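Asks: What follows is the file data18.txt, containing compact mmCIF, C-alpha atoms:
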# COMPACT_ATOMS: atom_id res chain seq x y z
CA MET L 1 20.54 -54.42 53.85
CA LYS L 2 18.26 -55.88 56.50
CA SER L 3 20.43 -58.96 56.69
CA LEU L 4 23.47 -56.81 57.12
CA MET L 5 21.81 -54.93 59.97
CA VAL L 6 20.87 -58.17 61.71
CA LEU L 7 24.37 -59.46 61.15
CA ALA L 8 25.86 -56.33 62.64
CA CYS L 9 23.60 -56.56 65.68
CA ALA L 10 24.43 -60.19 66.24
CA PHE L 11 28.08 -59.34 65.89
CA ALA L 12 27.79 -56.73 68.57
CA LEU L 13 26.08 -59.02 71.05
CA PRO L 14 27.97 -59.57 74.26
CA GLY L 15 29.72 -62.87 73.89
CA LEU L 16 28.13 -66.02 75.05
CA ALA L 17 29.90 -69.14 73.84
CA LEU L 18 32.93 -70.68 72.24
CA ALA L 19 35.55 -70.70 74.92
CA ALA L 20 38.39 -68.65 73.52
CA ASP L 21 40.81 -71.34 72.60
CA HIS L 22 43.89 -69.24 71.92
CA GLY L 23 44.27 -71.52 68.96
CA PRO L 24 43.07 -72.49 65.52
CA VAL L 25 39.67 -71.43 64.19
CA PHE L 26 38.49 -74.69 62.60
CA SER L 27 40.29 -77.41 64.55
CA TYR L 28 40.06 -78.98 67.96
CA ALA L 29 42.67 -77.80 70.47
CA THR L 30 43.41 -78.21 74.16
CA PRO L 31 43.59 -74.77 75.81
CA VAL L 32 40.99 -73.93 78.44
CA ASN L 33 40.38 -70.76 80.43
CA SER L 34 42.40 -70.12 83.55
CA GLN L 35 40.53 -70.12 86.84
CA ARG L 36 37.95 -67.29 86.97
CA GLU L 37 38.88 -66.18 83.44
CA LEU L 38 35.97 -64.98 81.35
CA SER L 39 36.13 -65.16 77.61
CA PHE L 40 33.78 -63.59 75.11
CA ASP L 41 33.83 -64.52 71.47
CA THR L 42 32.03 -63.40 68.43
CA GLY L 43 32.78 -64.15 64.84
CA ILE L 44 31.53 -65.07 61.46
CA PHE L 45 31.83 -68.44 59.78
CA GLY L 46 31.04 -69.04 56.16
CA ARG L 47 30.45 -72.02 53.90
CA ASP L 48 30.27 -71.35 50.22
CA GLY L 49 28.67 -73.89 47.92
CA SER L 50 27.11 -74.23 44.51
CA ARG L 51 23.68 -73.50 45.98
CA GLY L 52 24.66 -70.37 47.87
CA THR L 53 26.62 -69.07 50.81
CA GLN L 54 25.70 -69.89 54.36
CA LEU L 55 26.93 -67.60 57.11
CA SER L 56 26.75 -68.10 60.82
CA THR L 57 27.68 -65.77 63.60
CA GLY L 58 27.06 -65.85 67.28
CA SER L 59 28.21 -65.07 70.72
CA GLY L 60 30.31 -67.31 72.86
CA PHE L 61 31.03 -67.32 76.54
CA GLY L 62 33.52 -69.30 78.58
CA TYR L 63 34.33 -69.25 82.28
CA GLY L 64 37.14 -71.07 84.03
CA LEU L 65 35.73 -72.87 87.05
CA THR L 66 39.14 -74.28 87.91
CA PRO L 67 42.51 -74.09 86.14
CA HIS L 68 41.46 -77.12 84.11
CA ILE L 69 37.66 -76.96 83.80
CA THR L 70 35.85 -74.39 81.69
CA ILE L 71 32.14 -74.08 81.16
CA ASN L 72 30.97 -72.58 77.90
CA ALA L 73 27.93 -71.75 75.85
CA PHE L 74 27.26 -70.64 72.30
CA LEU L 75 24.32 -68.79 70.85
CA PRO L 76 24.44 -68.64 67.04
CA ALA L 77 22.60 -66.87 64.30
CA THR L 78 22.63 -67.97 60.68
CA PHE L 79 22.24 -66.11 57.42
CA GLY L 80 21.89 -67.26 53.86
CA SER L 81 21.08 -70.65 52.49
CA GLY L 82 23.60 -73.13 51.21
CA SER L 83 21.65 -76.41 51.40
CA LEU L 84 24.84 -77.86 52.81
CA PRO L 85 25.48 -81.01 54.86
CA GLU L 86 25.51 -81.04 58.64
CA SER L 87 28.77 -79.72 60.16
CA ARG L 88 30.04 -79.49 63.68
CA LEU L 89 33.37 -77.87 62.81
CA VAL L 90 31.65 -74.81 61.41
CA PRO L 91 28.90 -73.50 63.71
CA GLY L 92 25.35 -73.95 62.49
CA SER L 93 22.08 -72.86 64.04
CA GLU L 94 22.28 -75.00 67.19
CA TRP L 95 22.70 -73.52 70.62
CA SER L 96 25.09 -75.39 72.82
CA ALA L 97 26.31 -75.41 76.40
CA GLY L 98 28.80 -77.66 78.06
CA ALA L 99 32.11 -78.05 79.81
CA SER L 100 35.69 -78.76 78.86
CA TRP L 101 38.07 -80.65 81.12
CA ARG L 102 41.82 -80.60 80.62
CA PHE L 103 42.44 -84.03 82.07
CA LEU L 104 46.12 -84.30 81.15
CA HIS L 105 48.49 -81.46 81.79
CA SER L 106 52.20 -82.15 81.63
CA VAL L 107 54.45 -79.16 81.94
CA THR L 108 57.86 -80.24 80.78
CA SER L 109 59.94 -77.07 80.54
CA VAL L 110 59.89 -73.31 80.14
CA GLY L 111 57.28 -72.41 77.54
CA LYS L 112 56.23 -75.97 76.75
CA ARG L 113 53.37 -78.22 77.79
CA ILE L 114 51.62 -81.37 76.64
CA GLU L 115 47.94 -81.63 77.40
CA SER L 116 44.67 -83.33 76.58
CA THR L 117 41.19 -81.92 76.88
CA ALA L 118 37.77 -83.53 76.63
CA SER L 119 34.46 -81.74 76.36
CA LEU L 120 30.82 -82.62 76.58
CA ALA L 121 27.99 -80.36 75.50
CA ALA L 122 24.26 -80.38 75.06
CA VAL L 123 23.20 -79.19 71.63
CA VAL L 124 19.75 -77.67 71.25
CA PRO L 125 18.05 -76.63 68.02
CA GLY L 126 18.05 -72.89 67.61
CA THR L 127 15.14 -70.77 66.54
CA GLN L 128 16.28 -70.47 62.94
CA PRO L 129 15.52 -73.17 60.40
CA ASP L 130 18.20 -75.03 58.48
CA SER L 131 18.36 -75.05 54.74
CA GLY L 132 18.22 -77.75 52.10
CA VAL L 133 17.40 -81.31 53.06
CA LEU L 134 17.85 -80.51 56.75
CA ALA L 135 15.24 -77.75 56.66
CA ASP L 136 12.26 -80.08 56.65
CA LEU L 137 13.35 -82.21 59.59
CA HIS L 138 11.79 -82.10 63.01
CA ARG L 139 14.71 -81.26 65.23
CA ALA L 140 15.62 -82.63 68.61
CA PRO L 141 18.47 -81.95 71.04
CA GLY L 142 21.71 -83.83 70.83
CA VAL L 143 24.95 -84.48 72.65
CA ALA L 144 28.37 -83.46 71.40
CA THR L 145 31.62 -84.80 72.74
CA THR L 146 35.17 -83.97 71.71
CA VAL L 147 38.69 -84.88 72.73
CA ALA L 148 41.93 -83.19 71.73
CA THR L 149 45.54 -83.72 72.61
CA GLY L 150 48.76 -82.01 71.68
CA LEU L 151 51.76 -79.87 72.39
CA ALA L 152 52.02 -76.13 72.91
CA SER L 153 55.38 -74.38 72.93
CA ARG L 154 56.96 -71.02 72.21
CA SER L 155 57.75 -72.06 68.67
CA GLN L 156 55.40 -74.85 67.61
CA TYR L 157 51.93 -76.22 68.21
CA ILE L 158 50.58 -79.62 67.30
CA TRP L 159 47.08 -80.76 68.11
CA VAL L 160 44.92 -83.64 66.97
CA GLY L 161 41.32 -84.07 67.97
CA ALA L 162 38.03 -85.73 67.22
CA GLY L 163 34.40 -85.13 67.99
CA TYR L 164 31.12 -86.96 67.78
CA THR L 165 27.64 -85.52 67.83
CA ARG L 166 24.43 -87.49 68.03
CA PHE L 167 20.95 -86.07 67.82
CA ALA L 168 17.79 -87.56 69.23
CA GLU L 169 14.85 -88.49 67.05
CA ALA L 170 11.88 -86.16 66.74
CA SER L 171 8.65 -87.27 65.03
CA HIS L 172 10.56 -90.03 63.23
CA ASP L 173 13.07 -87.53 61.89
CA ARG L 174 16.68 -87.44 62.92
CA ARG L 175 19.57 -85.23 62.01
CA PRO L 176 22.67 -87.14 60.96
CA ASP L 177 25.27 -88.21 63.47
CA THR L 178 28.51 -86.38 62.83
CA LEU L 179 32.04 -87.62 63.33
CA SER L 180 34.63 -84.86 63.03
CA TRP L 181 38.39 -84.89 63.30
CA SER L 182 41.24 -82.43 62.92
CA GLY L 183 44.99 -82.09 62.91
CA VAL L 184 46.72 -78.75 63.17
CA TYR L 185 50.30 -77.54 63.08
CA GLY L 186 51.17 -74.07 64.31
CA TYR L 187 54.35 -72.06 64.15
CA ARG L 188 55.53 -68.81 65.69
CA PRO L 189 58.70 -67.44 64.00
CA ALA L 190 61.65 -66.57 66.25
CA ALA L 191 61.28 -62.87 65.54
CA LEU L 192 57.73 -62.98 66.89
CA ARG L 193 58.52 -64.70 70.20
CA ARG L 194 58.18 -61.42 72.01
CA GLY L 195 56.91 -60.04 75.30
CA TYR L 196 53.40 -60.11 76.71
CA ASP L 197 52.86 -56.44 75.90
CA GLN L 198 53.32 -56.89 72.15
CA TRP L 199 51.15 -58.51 69.52
CA ASP L 200 51.53 -62.27 69.58
CA TYR L 201 51.11 -63.87 66.15
CA ARG L 202 51.12 -67.47 65.08
CA GLY L 203 50.13 -69.26 61.92
CA PHE L 204 48.42 -72.62 61.55
CA ALA L 205 47.91 -75.21 58.87
CA GLU L 206 44.58 -76.86 59.61
CA LEU L 207 43.41 -80.20 58.27
CA THR L 208 39.86 -81.12 59.18
CA GLY L 209 37.47 -83.82 58.21
CA GLU L 210 33.88 -84.77 58.80
CA HIS L 211 31.66 -87.74 58.19
CA THR L 212 27.96 -87.18 58.50
CA GLY L 213 25.56 -90.08 58.66
CA ASN L 214 22.36 -90.50 56.77
CA VAL L 215 19.43 -88.18 57.21
CA GLN L 216 16.30 -89.84 58.57
CA THR L 217 13.00 -88.33 57.53
CA ALA L 218 9.57 -89.75 58.52
CA GLY L 219 11.34 -92.90 59.70
CA VAL L 220 13.00 -93.46 56.34
CA ILE L 221 16.70 -93.13 55.61
CA LEU L 222 17.30 -90.70 52.78
CA PRO L 223 19.52 -92.54 50.26
CA ASN L 224 23.01 -91.13 49.63
CA SER L 225 22.58 -88.51 52.31
CA ASN L 226 25.75 -89.40 54.18
CA THR L 227 28.87 -87.36 53.43
CA THR L 228 32.61 -87.46 53.98
CA THR L 229 34.81 -84.42 53.40
CA LEU L 230 38.38 -83.36 54.09
CA TRP L 231 39.44 -79.72 54.30
CA LEU L 232 42.81 -77.99 54.39
CA GLY L 233 43.83 -74.39 54.81
CA PRO L 234 45.78 -71.76 56.72
CA SER L 235 44.74 -69.60 59.63
CA VAL L 236 46.34 -66.86 61.68
CA LEU L 237 45.88 -65.87 65.31
CA ALA L 238 46.89 -62.49 66.74
CA ILE L 239 46.58 -61.60 70.41
CA LEU L 240 47.36 -58.46 72.36
CA LYS L 241 46.73 -58.70 76.10
CA ASP L 242 42.94 -59.03 76.42
CA PHE L 243 42.00 -59.12 72.74
CA ALA L 244 42.44 -61.75 70.07
CA ILE L 245 41.54 -61.99 66.43
CA SER L 246 41.85 -65.06 64.27
CA GLY L 247 40.89 -65.92 60.74
CA GLY L 248 41.33 -68.65 58.21
CA VAL L 249 40.13 -70.29 55.02
CA GLN L 250 39.84 -73.91 53.96
CA ALA L 251 39.30 -75.67 50.68
CA PRO L 252 38.14 -79.25 50.15
CA ILE L 253 40.79 -81.83 49.34
CA PHE L 254 38.36 -84.74 49.37
CA ARG L 255 34.62 -84.69 49.03
CA ASP L 256 32.22 -87.58 48.94
CA ALA L 257 28.78 -86.04 49.03
CA SER L 258 25.75 -86.18 46.81
CA ASP L 259 25.64 -83.11 44.58
CA SER L 260 21.94 -83.63 43.96
CA ILE L 261 21.20 -83.36 47.68
CA TYR L 262 23.79 -80.87 48.89
CA GLY L 263 25.38 -79.26 45.87
CA ALA L 264 29.13 -78.80 45.98
CA GLU L 265 30.76 -76.98 48.90
CA HIS L 266 33.80 -74.99 47.68
CA LEU L 267 35.12 -72.95 50.57
CA ARG L 268 34.99 -72.44 54.30
CA PHE L 269 36.15 -69.29 56.03
CA ALA L 270 36.12 -67.87 59.53
CA ILE L 271 37.01 -64.77 61.44
CA ASN L 272 36.71 -64.61 65.20
CA PHE L 273 37.16 -61.88 67.79
CA SER L 274 37.79 -62.65 71.45
CA TYR L 275 37.86 -60.65 74.63
CA LEU L 276 39.63 -62.36 77.48
CA LYS L 277 39.00 -61.10 80.99
CA TYR L 278 41.67 -62.52 83.27
CA SER L 279 41.06 -62.78 86.96
CA SER L 280 43.10 -60.66 89.33
CA HIS L 281 41.45 -62.32 92.29
CA SER L 282 44.00 -63.63 94.74
CA SER L 283 43.62 -65.74 97.83
CA SER L 284 44.32 -64.18 101.17
CA HIS L 285 46.91 -65.87 103.26
CA MET W 1 65.76 -39.20 83.27
CA LYS W 2 67.66 -37.80 86.27
CA LYS W 3 64.40 -37.57 88.25
CA THR W 4 63.53 -41.13 87.37
CA LEU W 5 66.94 -42.29 88.54
CA VAL W 6 66.61 -40.43 91.84
CA ALA W 7 63.09 -41.77 92.33
CA THR W 8 64.29 -45.32 91.65
CA VAL W 9 67.14 -45.02 94.13
CA LEU W 10 64.81 -43.58 96.74
CA ALA W 11 62.28 -46.31 96.09
CA LEU W 12 64.89 -49.01 96.42
CA PHE W 13 66.14 -47.49 99.66
CA THR W 14 62.64 -47.36 101.05
CA VAL W 15 62.01 -50.95 100.04
CA SER W 16 65.16 -52.20 101.67
CA ALA W 17 64.36 -50.28 104.81
CA HIS W 18 60.77 -51.39 105.40
CA ALA W 19 59.55 -54.16 103.14
CA GLU W 20 59.14 -57.81 104.15
CA TYR W 21 59.27 -59.77 100.91
CA GLU W 22 60.98 -57.21 98.75
CA GLN W 23 61.48 -59.15 95.55
CA ILE W 24 60.42 -62.57 94.31
CA ASN W 25 61.72 -64.03 91.06
CA LEU W 26 59.71 -67.07 90.17
CA THR W 27 60.43 -69.49 87.36
CA VAL W 28 57.23 -70.65 85.68
CA PHE W 29 56.97 -73.58 83.31
CA GLY W 30 54.34 -73.96 80.60
CA MET W 31 53.75 -70.41 79.37
CA ASP W 32 53.79 -70.58 75.59
CA CYS W 33 52.17 -67.33 74.55
CA ALA W 34 51.63 -63.68 75.35
CA PRO W 35 48.16 -64.19 76.88
CA CYS W 36 49.67 -66.74 79.28
CA ALA W 37 52.15 -64.12 80.46
CA HIS W 38 49.49 -61.43 80.57
CA ALA W 39 47.25 -63.67 82.67
CA ILE W 40 50.09 -64.33 85.11
CA ARG W 41 50.83 -60.64 85.31
CA VAL W 42 47.19 -59.73 85.99
CA SER W 43 46.99 -62.41 88.69
CA MET W 44 50.18 -61.26 90.36
CA LYS W 45 49.10 -57.62 90.25
CA GLY W 46 45.95 -58.63 92.10
CA ILE W 47 47.95 -59.63 95.14
CA GLN W 48 48.01 -56.88 97.72
CA GLY W 49 51.46 -55.38 98.08
CA VAL W 50 52.66 -56.11 94.56
CA ASP W 51 54.22 -53.11 92.90
CA ILE W 52 55.79 -54.20 89.61
CA VAL W 53 55.50 -57.47 87.71
CA ASP W 54 57.54 -58.38 84.69
CA VAL W 55 57.24 -61.63 82.76
CA ASP W 56 59.87 -62.96 80.36
CA LEU W 57 58.23 -65.61 78.21
CA ASN W 58 61.46 -66.93 76.75
CA THR W 59 63.04 -67.67 80.14
CA GLY W 60 59.83 -68.25 82.08
CA LEU W 61 60.98 -65.76 84.70
CA VAL W 62 58.34 -63.79 86.59
CA SER W 63 59.91 -60.89 88.50
CA ILE W 64 57.82 -59.34 91.24
CA LYS W 65 58.72 -56.23 93.21
CA LEU W 66 56.70 -55.56 96.33
CA THR W 67 55.76 -52.36 98.06
CA PRO W 68 57.02 -51.44 101.52
CA GLY W 69 54.94 -52.74 104.40
CA ASN W 70 53.32 -55.52 102.38
CA SER W 71 52.14 -58.74 103.98
CA ALA W 72 52.11 -60.89 100.82
CA VAL W 73 53.28 -64.48 101.21
CA VAL W 74 54.94 -66.80 98.72
CA ARG W 75 51.98 -69.18 98.75
CA GLN W 76 49.83 -66.47 97.09
CA PHE W 77 52.25 -66.20 94.19
CA ASN W 78 52.38 -69.96 93.78
CA GLN W 79 48.57 -70.10 93.75
CA ALA W 80 48.44 -67.34 91.13
CA VAL W 81 50.61 -69.53 88.90
CA GLU W 82 48.57 -72.67 89.57
CA LYS W 83 45.20 -71.07 88.87
CA ASN W 84 46.43 -70.14 85.42
CA GLY W 85 47.30 -73.76 84.73
CA PHE W 86 51.08 -73.45 84.95
CA THR W 87 53.78 -74.86 87.21
CA HIS W 88 56.09 -72.90 89.48
CA LYS W 89 59.67 -73.93 90.02
CA ASP W 90 62.35 -72.46 92.28
CA ALA W 91 61.87 -68.92 93.54
CA THR W 92 64.65 -66.47 94.31
CA ILE W 93 63.65 -64.09 97.07
CA VAL W 94 64.89 -60.99 98.81
CA ALA W 95 63.14 -60.68 102.17
CA ARG W 96 63.43 -58.98 105.51
CA GLY W 97 62.75 -60.74 108.78
CA THR W 98 64.12 -62.14 111.99
CA LEU W 99 66.81 -64.75 112.43
CA THR W 100 65.76 -67.24 115.11
CA GLY W 101 66.76 -70.70 116.30
CA SER W 102 70.42 -71.42 116.89
CA ALA W 103 73.64 -71.05 114.95
CA SER W 104 73.53 -74.72 114.03
CA ALA W 105 69.78 -74.74 113.23
CA PRO W 106 68.79 -71.24 112.18
CA PHE W 107 65.35 -70.16 111.04
CA PHE W 108 64.19 -67.12 109.15
CA GLU W 109 60.83 -65.61 110.01
CA VAL W 110 59.61 -63.18 107.36
CA ALA W 111 58.37 -59.97 108.93
CA GLY W 112 54.65 -59.31 108.66
CA THR W 113 53.85 -62.90 107.65
CA GLN W 114 53.76 -66.34 109.17
CA ASP W 115 56.33 -67.66 106.69
CA ARG W 116 59.16 -69.43 108.51
CA PHE W 117 62.00 -71.26 106.81
CA ALA W 118 64.87 -73.42 107.99
CA LEU W 119 68.05 -71.91 106.63
CA ILE W 120 70.68 -73.84 104.77
CA PRO W 121 73.60 -72.30 102.91
CA ALA W 122 73.44 -72.33 99.12
CA SER W 123 77.23 -72.56 98.96
CA THR W 124 79.43 -71.17 101.74
CA MET W 125 78.31 -71.45 105.36
CA LEU W 126 78.20 -67.99 106.92
CA ASP W 127 78.83 -67.15 110.58
CA ILE W 128 75.33 -66.12 111.48
CA ALA W 129 75.58 -66.43 115.27
CA PRO W 130 76.03 -62.66 115.73
CA LEU W 131 72.84 -62.05 113.79
CA LEU W 132 70.57 -64.32 115.83
CA GLY W 133 67.56 -62.44 117.16
CA LYS W 134 68.22 -59.53 114.85
CA THR W 135 66.33 -58.20 111.85
CA VAL W 136 68.11 -59.25 108.68
CA THR W 137 67.74 -59.10 104.94
CA ILE W 138 68.25 -62.41 103.18
CA THR W 139 68.65 -63.34 99.57
CA GLY W 140 68.14 -66.98 98.75
CA VAL W 141 66.31 -69.66 96.83
CA LEU W 142 63.08 -71.37 97.83
CA PRO W 143 63.18 -74.78 96.15
CA GLN W 144 60.15 -75.96 94.23
CA ALA W 145 57.54 -77.65 96.40
CA SER W 146 54.69 -79.86 95.30
CA LYS W 147 51.44 -78.23 94.21
CA GLY W 148 49.76 -76.35 97.06
CA LYS W 149 52.81 -76.72 99.30
CA LEU W 150 55.58 -74.34 100.27
CA SER W 151 59.18 -75.32 100.82
CA ASP W 152 60.14 -75.22 104.50
CA THR W 153 63.79 -74.55 103.71
CA LEU W 154 65.48 -71.52 102.27
CA ARG W 155 68.88 -71.88 100.63
CA TYR W 156 70.45 -68.54 101.48
CA ASN W 157 73.12 -66.71 99.53
CA THR W 158 73.55 -63.60 101.65
CA ILE W 159 72.41 -62.50 105.09
CA THR W 160 72.93 -58.92 106.19
CA GLU W 161 71.68 -57.04 109.18
CA ALA W 162 68.81 -54.78 108.14
CA ARG W 163 69.14 -51.11 108.89
What do you get writing this file as structure tokens?
Replies:
Amino acid sequence: MKSLMVLACAFALPGLALAADHGPVFSYATPVNSQRELSFDTGIFGRDGSRGTQLSTGSGFGYGLTPHITINAFLPATFGSGSLPESRLVPGSEWSAGASWRFLHSVTSVGKRIESTASLAAVVPGTQPDSGVLADLHRAPGVATTVATGLASRSQYIWVGAGYTRFAEASHDRRPDTLSWSGVYGYRPAALRRGYDQWDYRGFAELTGEHTGNVQTAGVILPNSNTTTLWLGPSVLAILKDFAISGGVQAPIFRDASDSIYGAEHLRFAINFSYLKYSSHSSSH
Amino acid sequence: MKKTLVATVLALFTVSAHAEYEQINLTVFGMDCAPCAHAIRVSMKGIQGVDIVDVDLNTGLVSIKLTPGNSAVVRQFNQAVEKNGFTHKDATIVARGTLTGSASAPFFEVAGTQDRFALIPASTMLDIAPLLGKTVTITGVLPQASKGKLSDTLRYNTITEAR
């Protein structure tokens, strides 16, 4: 009950992170906020494994400095214990703040654009401990970088992306480096290509993967602590004017991880709510 | 329904009698989703003098009706598109202003603004000499200009003396 109360409070926090991506829930994508657009996100992300279910929630904030640069921050809270491997595709207990830069933006026709976005963020250990083998590590800040590229159109979306996170060493301990990648295909049926004042729906098929390096504890590499996993699943995004809701599930299609260290992760799921505050500020002439 | 019709006719009459830019139809590239259109609409509505904004996502057409006596300029609408990360193409305008220059090199100065365009016919050359120095209403197309710029020519379709 207490956990539920805390969860509810965290859920109700004003958003502070995850720039609303208008896109998939698990994968990397290119959209950034428009200039002066504020986005607030809150959601719940779950990882279910043989040693329990690990939930994370949090508040996200994004602000468009320019039409192509957005600053963002994320303050998470975690619940439950899954003893699971490091993941950067599903939020953990780290706080993060950074910026995204849409460095390629090619608008080719009505309703279509090709773009690429890179982001860089500082990742700082949160106040909550991790679980499993990661729980005993001294934690230090890290740096996360991502890049995504793809096409957005009225009917279809295609994005591919990759990310890399590296943590510093603390007292001879070090969290594993993480290499993540994703590919996503989205589709909006013809009947749903409607006006701005109606619900906008689109569905995605999301393929994600992660490789986490070895865990270093007291200067020693923990044997067999590296992992490689591939995940696949659907997600749906619905937006009406200033509000968006998205959700999805993924199941593993490949898993190379030590069961004795991490157990077996069976399922990932996410649901995210966004509030998008568009700027009505206009320049004087 | 009848009242709405009367109000619309009255509103249109008022607009044609007093407004400067009366209507701007802007083609926007790159809007893929409803939030894109909503963001454009919110930005356009934030410009002083804008009355009604409609966005058609499937054609990329942003239709803006302006209130009488406004002093909005086209550059503001272009900037509203750019700040949302999209690209503006040609704009069709209906505007009221003064015809200056000469019959062979006419200019159109939009009332209440500093916008001034060289006039070239979109198709048929009209005899505009009798209208020089007078207040006119023009419909025409402003060709796409590079980012942050405004076309200095207006391809006109019709020019009529404003009442």
Asks: Give me, please, the distance in Å between CA of Ile261 in chain L and CA of Ala144 in chain L, quoted to one decimal.
Replies: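 Result for CA of Ile261 in chain L versus CA of Ala144 in chain L: 24.8 Å, one decimal.
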Asks: Please return, as a CSV table (one decimal) with C-alpha atoms, keeping the file's coordinate frame, all residues of chain L lying within 10 Å of chain W when all atoms listed in the file are considered.
Replies:
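Written file, out.csv:
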chain,number,residue,atom,x,y,z
L,22,HIS,CA,43.9,-69.2,71.9
L,31,PRO,CA,43.6,-74.8,75.8
L,32,VAL,CA,41.0,-73.9,78.4
L,33,ASN,CA,40.4,-70.8,80.4
L,34,SER,CA,42.4,-70.1,83.6
L,35,GLN,CA,40.5,-70.1,86.8
L,36,ARG,CA,38.0,-67.3,87.0
L,37,GLU,CA,38.9,-66.2,83.4
L,64,GLY,CA,37.1,-71.1,84.0
L,65,LEU,CA,35.7,-72.9,87.0
L,66,THR,CA,39.1,-74.3,87.9
L,67,PRO,CA,42.5,-74.1,86.1
L,68,HIS,CA,41.5,-77.1,84.1
L,102,ARG,CA,41.8,-80.6,80.6
L,105,HIS,CA,48.5,-81.5,81.8
L,106,SER,CA,52.2,-82.2,81.6
L,107,VAL,CA,54.4,-79.2,81.9
L,108,THR,CA,57.9,-80.2,80.8
L,109,SER,CA,59.9,-77.1,80.5
L,110,VAL,CA,59.9,-73.3,80.1
L,111,GLY,CA,57.3,-72.4,77.5
L,112,LYS,CA,56.2,-76.0,76.8
L,113,ARG,CA,53.4,-78.2,77.8
L,114,ILE,CA,51.6,-81.4,76.6
L,152,ALA,CA,52.0,-76.1,72.9
L,153,SER,CA,55.4,-74.4,72.9
L,154,ARG,CA,57.0,-71.0,72.2
L,155,SER,CA,57.8,-72.1,68.7
L,156,GLN,CA,55.4,-74.8,67.6
L,157,TYR,CA,51.9,-76.2,68.2
L,188,ARG,CA,55.5,-68.8,65.7
L,193,ARG,CA,58.5,-64.7,70.2
L,194,ARG,CA,58.2,-61.4,72.0
L,195,GLY,CA,56.9,-60.0,75.3
L,196,TYR,CA,53.4,-60.1,76.7
L,197,ASP,CA,52.9,-56.4,75.9
L,198,GLN,CA,53.3,-56.9,72.2
L,199,TRP,CA,51.2,-58.5,69.5
L,200,ASP,CA,51.5,-62.3,69.6
L,201,TYR,CA,51.1,-63.9,66.2
L,202,ARG,CA,51.1,-67.5,65.1
L,238,ALA,CA,46.9,-62.5,66.7
L,239,ILE,CA,46.6,-61.6,70.4
L,240,LEU,CA,47.4,-58.5,72.4
L,241,LYS,CA,46.7,-58.7,76.1
L,242,ASP,CA,42.9,-59.0,76.4
L,243,PHE,CA,42.0,-59.1,72.7
L,244,ALA,CA,42.4,-61.8,70.1
L,276,LEU,CA,39.6,-62.4,77.5
L,277,LYS,CA,39.0,-61.1,81.0
L,278,TYR,CA,41.7,-62.5,83.3
L,279,SER,CA,41.1,-62.8,87.0
L,280,SER,CA,43.1,-60.7,89.3
L,281,HIS,CA,41.4,-62.3,92.3
L,282,SER,CA,44.0,-63.6,94.7
L,283,SER,CA,43.6,-65.7,97.8
L,284,SER,CA,44.3,-64.2,101.2
L,285,HIS,CA,46.9,-65.9,103.3
Asks: When distances are computed from only C-alpha atoms, which of W:Ile52, W:Ile24, W:Ile138, W:Leu126 shows the smallest separation from Phe108 in chain W?
Replies: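 Among W:Ile52, W:Ile24, W:Ile138, W:Leu126, it is W:Ile138 that comes nearest to Phe108 in chain W.
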Asks: Please provide as a list in words all residues within 8 Å of Pro143 in chain W, with the sequence filter that same-chain residues fewer than 6 positions apart are discarded (counting all atoms listed in the file).
Replies: Lys89, Asp90, Ala91, Ser151, Thr153, Leu154 and Arg155 of chain W
Asks: Write the residues of the preceding selection, restricted to C-alpha atoms, as a short mmCIF file (atom, residue, chain, number, x, y, z; two decimals), in the coordinates of the input.
Replies:
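Final output, out.cif:
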data_model
loop_
_atom_site.label_atom_id
_atom_site.label_comp_id
_atom_site.auth_asym_id
_atom_site.auth_seq_id
_atom_site.Cartn_x
_atom_site.Cartn_y
_atom_site.Cartn_z
CA LYS W 89 59.67 -73.93 90.02
CA ASP W 90 62.35 -72.46 92.28
CA ALA W 91 61.87 -68.92 93.54
CA SER W 151 59.18 -75.32 100.82
CA THR W 153 63.79 -74.55 103.71
CA LEU W 154 65.48 -71.52 102.27
CA ARG W 155 68.88 -71.88 100.63
#
Asks: Which of these residues is nearest to Pro130 in chain W, using all atoms listed in the file: W:Asp152, W:Phe107, W:Phe117, W:Ser102?
Replies: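 Closest to Pro130 in chain W, using all atoms listed in the file: W:Ser102.
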Asks: For Ile93 in chain W, work out the shell of residues within 6 Å, counting only C-alpha atoms and skipping chain neighbours fewer than 4 positions away, then give it as a PyMOL selection string.
Replies: chain W and resi 23-24+139-140
Asks: In Å, how far is it from CA of Phe40 in chain L to CA of Leu75 in chain L?
Replies: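 CA of Phe40 in chain L sits 11.6 Å away from CA of Leu75 in chain L.
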Asks: Distance CA of Gly150 in chain L-CA of Phe26 in chain L, one decimal place?
Replies: 15.5 Å
Asks: Neighbouring residues of Pro176 in chain L were defined as those with any atom within 6 Å, considering all atoms listed in the file; residues of the same chain fewer than 2 positions away were excluded. Please report them as a count of residues only.
Replies: 4
Asks: Between L:Ser87, L:Ser56, L:Thr146, L:Thr165, which one has atoms that come closest to Phe74 in chain L, using only C-alpha atoms?
Replies: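 Counting only C-alpha atoms, the residue closest to Phe74 in chain L is L:Ser56.
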Asks: For each of W:Val53, W:Ala95, W:Ala118, W:Ile128, take the minimum atom-to-atom distance to Pro68 in chain W, counting only C-alpha atoms, then give the residue where this is smallest.
Replies: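 Closest to Pro68 in chain W of all the choices is W:Ala95.
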Asks: Name the residues, using the chain letters and numbers of the file, that sit within 9 Å of (48.9, -76.6, 95.0) when counting all atoms listed in the file, and give them as a PyMOL selection string.
Replies: chain W and resi 75+78-79+82+145-150
Asks: Range 115-121 of chain L: which residues within 7 Å, counting all atoms listed in the file, same-chain residues fewer than 3 positions away excluded, as an MDAnalysis selection string?
Replies: chainID L and resid 30 96:106 143:151
